Amino acid sequence: MPDETVSKTDKNGKAGAMRKQVQKKPDGRTIIFYSFAAPDSPDCEALTVTELYTSKLEP
Amino acid sequence: MSEMRWNPVLREWLVTATHRQDRTFLPPAGFCPLCPTQAGGFPTEVEQESFEFVVFENKFPSLAREPIAPSVESSDLYPVVQSQGVCEVVLYTQEHTLTLAELPEEKLEQLIQVWKDRYIDLGSKSEIEYVFIFENKGEAIGVTIHHPHGQIYAFPFVPPKVQREIDSEEEHFARTGHCLHCDIVNHELSQKDRLVAENDQFVAFVPFYARYPYEVNIYARGHVPSMAQFDEALQRSLALILKTVLVKYDNLWGFSLPYMMVMHQAPTNGKHYPGSHFHIEFYPPYRTREKIKYLAGCESGAGTFVNDTLPEEKAAELRLSSPNTEHLKQ
């Protein structure tokens with residue numbers, strides 16, 4: 001599955017952009033790797049923010 | 001084997017999970033299943049040599065994404081259903097010996113984003129009514145693996161304690177026109193004698209009705225139903241006050257304090273819950289430096305907690321406990 005950027009926190013060099021990589025373990029369980037690009041890194045600039053809110057949840 | 005059995009006496013679901021008897025129990029040093037897999041080493045849950053945060057489905061889940069049929073027949077008196085849901089493990093760091101209290105504030109802020117993502121992702125599933133984020137820390141709580149981690153149970157129902165909160169929220173709103181939790185926060189901010197810490201977006205206090213001597217609640221000052229509404233300012237402020245409370249706990253007696261940390265926020269079943277107000281509740285099991293608060297006959301049998309201390313006195317102790325990590329004793 002492709003990486004998904006789920007948020008971008010870019011303030012004062014703090015959290016940066018969150019990247020989410022979803023994989024399946026050999027036994028079928030889901031495993032998700034979260035990583036954070038530094039806000040001033042080219043990685044962060046290249047990422048796009050995905051809107052996550054769904055109709056089930058209040059925005 | 002896992003299933004949900006209805007308790008018609010207490011009117012609540014019980015989850016059986018017999019396979020959990022075989023789960024990993026206090027593995028020896030060097031064989032942690034939650035550490036990254038090292039080259040030539042034994043395979044762990046995370047088959048990478050490094051990671052920042054990892055979330056995976058529990059190998060021994062109480063609730064299953066694809067549940068099997070119940071072991072017994074359902075009846076009118078004893079309804080039984082499949083235990084559908086999701087149980088996830090959240091690894092806070094690859095460093096085996098750290099605790100949540102020892103994570104840098106920036107890392108806590110990132111973890112909050114991970115929790116938020118899990119709340120939204122799991123909560124968007126049609127079968128999930130409540131996303132329950134929690135951490136059990138320390139052997140006194142029953143922790144079986146020491147690697148810093150929390151858990152998430154995505155329930156197919158609203159758990160009874162949360163439902164009781166919702167009922168209280170609705171009753172209070174009908175009676176006063178106010179959010180119950182907003183009224184509690186405003187009262188604690190004005191009263192001050194149970195406050196432990198505060199910042200621009202959050203407040204931490206020992207509740208007036210604390211069940212555990214060192215129980216602390218962290219509330220959003222504003223009316224924030226869930227993490228789905230968190231913006232950068234809320235994430236940052238929560239990370240800061242979380243760090244403060246956790247470090248105060250560890251500095252209280254100079255050891256890493258065991259606790260249960262649970263998050264209460266809006267259900268995700270598509271219904272409107274105007275009274276839901278995000279907060280974190282901490283239940284440390286200690287009543288003194290050497291003594292454990294056990295849930296004995298009165299608590300377990302009658303459902304009435306007996307607190308051997310006064311919340312105002314415990315809050316004063318926690319206010320005096322240093323929020324600085326340089327005072328943290330290992």
# chains A, B, ... in the order shown; residues from 1 in each chain; ligands from 1
$ interface_residues --of "chain B" --to "chain A" --cutoff "7 Å" --atoms "only C-alpha atoms" --output "compact mmCIF listing (two decimals) with N, CA and C atoms, in the first residue's frame"
# COMPACT_ATOMS: atom_id res chain seq x y z
N GLU B 52 10.03 4.75 14.30
CA GLU B 52 9.66 5.89 15.16
C GLU B 52 8.44 5.51 16.01
N PHE B 53 7.32 5.24 15.33
CA PHE B 53 6.11 4.74 16.01
C PHE B 53 5.56 3.58 15.18
N VAL B 54 5.10 2.57 15.87
CA VAL B 54 4.48 1.44 15.17
C VAL B 54 3.17 1.10 15.85
N VAL B 55 2.17 0.82 15.04
CA VAL B 55 0.88 0.33 15.54
C VAL B 55 0.59 -0.99 14.83
N PHE B 56 0.28 -2.02 15.58
CA PHE B 56 -0.07 -3.29 14.93
C PHE B 56 -1.20 -3.96 15.67
N GLU B 57 -1.87 -4.85 14.96
CA GLU B 57 -2.97 -5.59 15.59
C GLU B 57 -2.42 -6.58 16.59
N GLU B 106 8.44 16.86 22.00
CA GLU B 106 8.16 16.78 20.56
C GLU B 106 7.67 15.38 20.18
N GLU B 109 4.15 14.97 21.25
CA GLU B 109 3.27 15.66 20.31
C GLU B 109 3.02 14.78 19.08
N GLN B 110 4.05 14.10 18.65
CA GLN B 110 3.88 13.19 17.51
C GLN B 110 2.99 12.00 17.88
N SER B 124 -13.94 5.39 12.03
CA SER B 124 -14.67 5.51 10.76
C SER B 124 -15.23 4.17 10.29
N ALA B 228 -10.45 14.11 17.25
CA ALA B 228 -10.70 14.48 15.86
C ALA B 228 -10.71 15.99 15.68
N GLN B 229 -11.00 16.73 16.76
CA GLN B 229 -11.04 18.20 16.68
C GLN B 229 -9.69 18.83 17.05
N GLU B 232 -3.09 21.98 15.95
CA GLU B 232 -1.69 21.97 16.40
C GLU B 232 -1.55 22.50 17.81
N THR B 268 -17.97 6.79 18.38
CA THR B 268 -17.82 6.95 16.93
C THR B 268 -18.92 6.17 16.19
N ASN B 269 -20.12 6.15 16.78
CA ASN B 269 -21.20 5.37 16.18
C ASN B 269 -22.12 6.23 15.31
N GLY B 270 -21.69 7.45 15.02
CA GLY B 270 -22.47 8.30 14.14
C GLY B 270 -23.55 9.10 14.84
$ residues_around --residues "Gln94 in chain B" --least-positions-apart "2" --cutoff "7 Å" --atoms "only C-alpha atoms" --output "list in words"
Cys35, Pro36, Ser50, Phe51, Glu52 and His96 of chain B
$ residues_around --residues "Trp115 in chain B" --least-positions-apart "6" --cutoff "9 Å" --atoms "only C-alpha atoms" --output "list in words"
Val90, Ile133, Ile152 and Met227 of chain B
$ residues_around --residues "Glu49 in chain B" --least-positions-apart "6" --cutoff "12 Å" --atoms "only C-alpha atoms" --output "number ranges by chain"
B: 34-43, 94-95
$ select_by_dssp --residues "range 119-195 of chain B" --states "helix (DSSP H, G or I)" --output "PyMOL selection string"
chain B and resi 119-123+139-141+160-176+180-191
$ residues_around --residues "range 157-173 of chain B" --least-positions-apart "4" --cutoff "8 Å" --atoms "only C-alpha atoms" --output "PyMOL selection string"
chain B and resi 12+128-130+177-181+264+267+273+275-276
$ write_last_selection --atoms "C-alpha atoms" --output "PDB file, in the first residue's frame"
ATOM      1  CA  GLU B  12     -23.273  -5.125  30.190  1.00  0.00           C
ATOM      2  CA  ILE B 128     -16.880   0.399  15.661  1.00  0.00           C
ATOM      3  CA  GLU B 129     -18.839   2.431  18.204  1.00  0.00           C
ATOM      4  CA  TYR B 130     -16.076   3.394  20.582  1.00  0.00           C
ATOM      5  CA  GLY B 177     -28.106  23.831  29.958  1.00  0.00           C
ATOM      6  CA  HIS B 178     -24.350  23.370  30.447  1.00  0.00           C
ATOM      7  CA  CYS B 179     -21.751  20.758  29.562  1.00  0.00           C
ATOM      8  CA  LEU B 180     -21.070  18.761  32.729  1.00  0.00           C
ATOM      9  CA  HIS B 181     -17.336  18.546  32.043  1.00  0.00           C
ATOM     10  CA  HIS B 264     -12.553   9.258  27.261  1.00  0.00           C
ATOM     11  CA  PRO B 267     -18.236   7.598  20.650  1.00  0.00           C
ATOM     12  CA  TYR B 273     -22.991  13.384  21.724  1.00  0.00           C
ATOM     13  CA  GLY B 275     -21.825  16.381  26.134  1.00  0.00           C
ATOM     14  CA  SER B 276     -18.667  14.439  25.217  1.00  0.00           C
TER      15      SER B 276
END
$ select_by_dssp --residues "range 95-162 of chain B" --states "strand (DSSP E or B)" --output "list in words"
Tyr130, Val131, Phe132, Ile133, Phe134, Glu135, Asn136, Lys137, His149, Gly150, Gln151, Ile152, Tyr153, Ala154 and Phe155 of chain B
$ residues_around --residues "range 61-63 of chain B" --least-positions-apart "2" --cutoff "10 Å" --atoms "only C-alpha atoms" --output "list in words"
Met1, Ser2, Glu3, Met4, Val15, Thr16, Ala17, Thr18, His19, Arg20, Arg23, Glu57, Asn58, Lys59, Arg65, Glu66, Pro67, Gln82, Ser83, Gln84, Gly85, Val86, Cys87, Glu88, Val89, Tyr153, Ala154, Phe155 and Pro156 of chain B
$ atom_distance --atom1 "CA of Lys116 in chain B" --atom2 "CA of Gln48 in chain B"
24.2 Å
$ atom_distance --atom1 "CA of Pro258 in chain B" --atom2 "CA of Pro284 in chain B"
5.9 Å
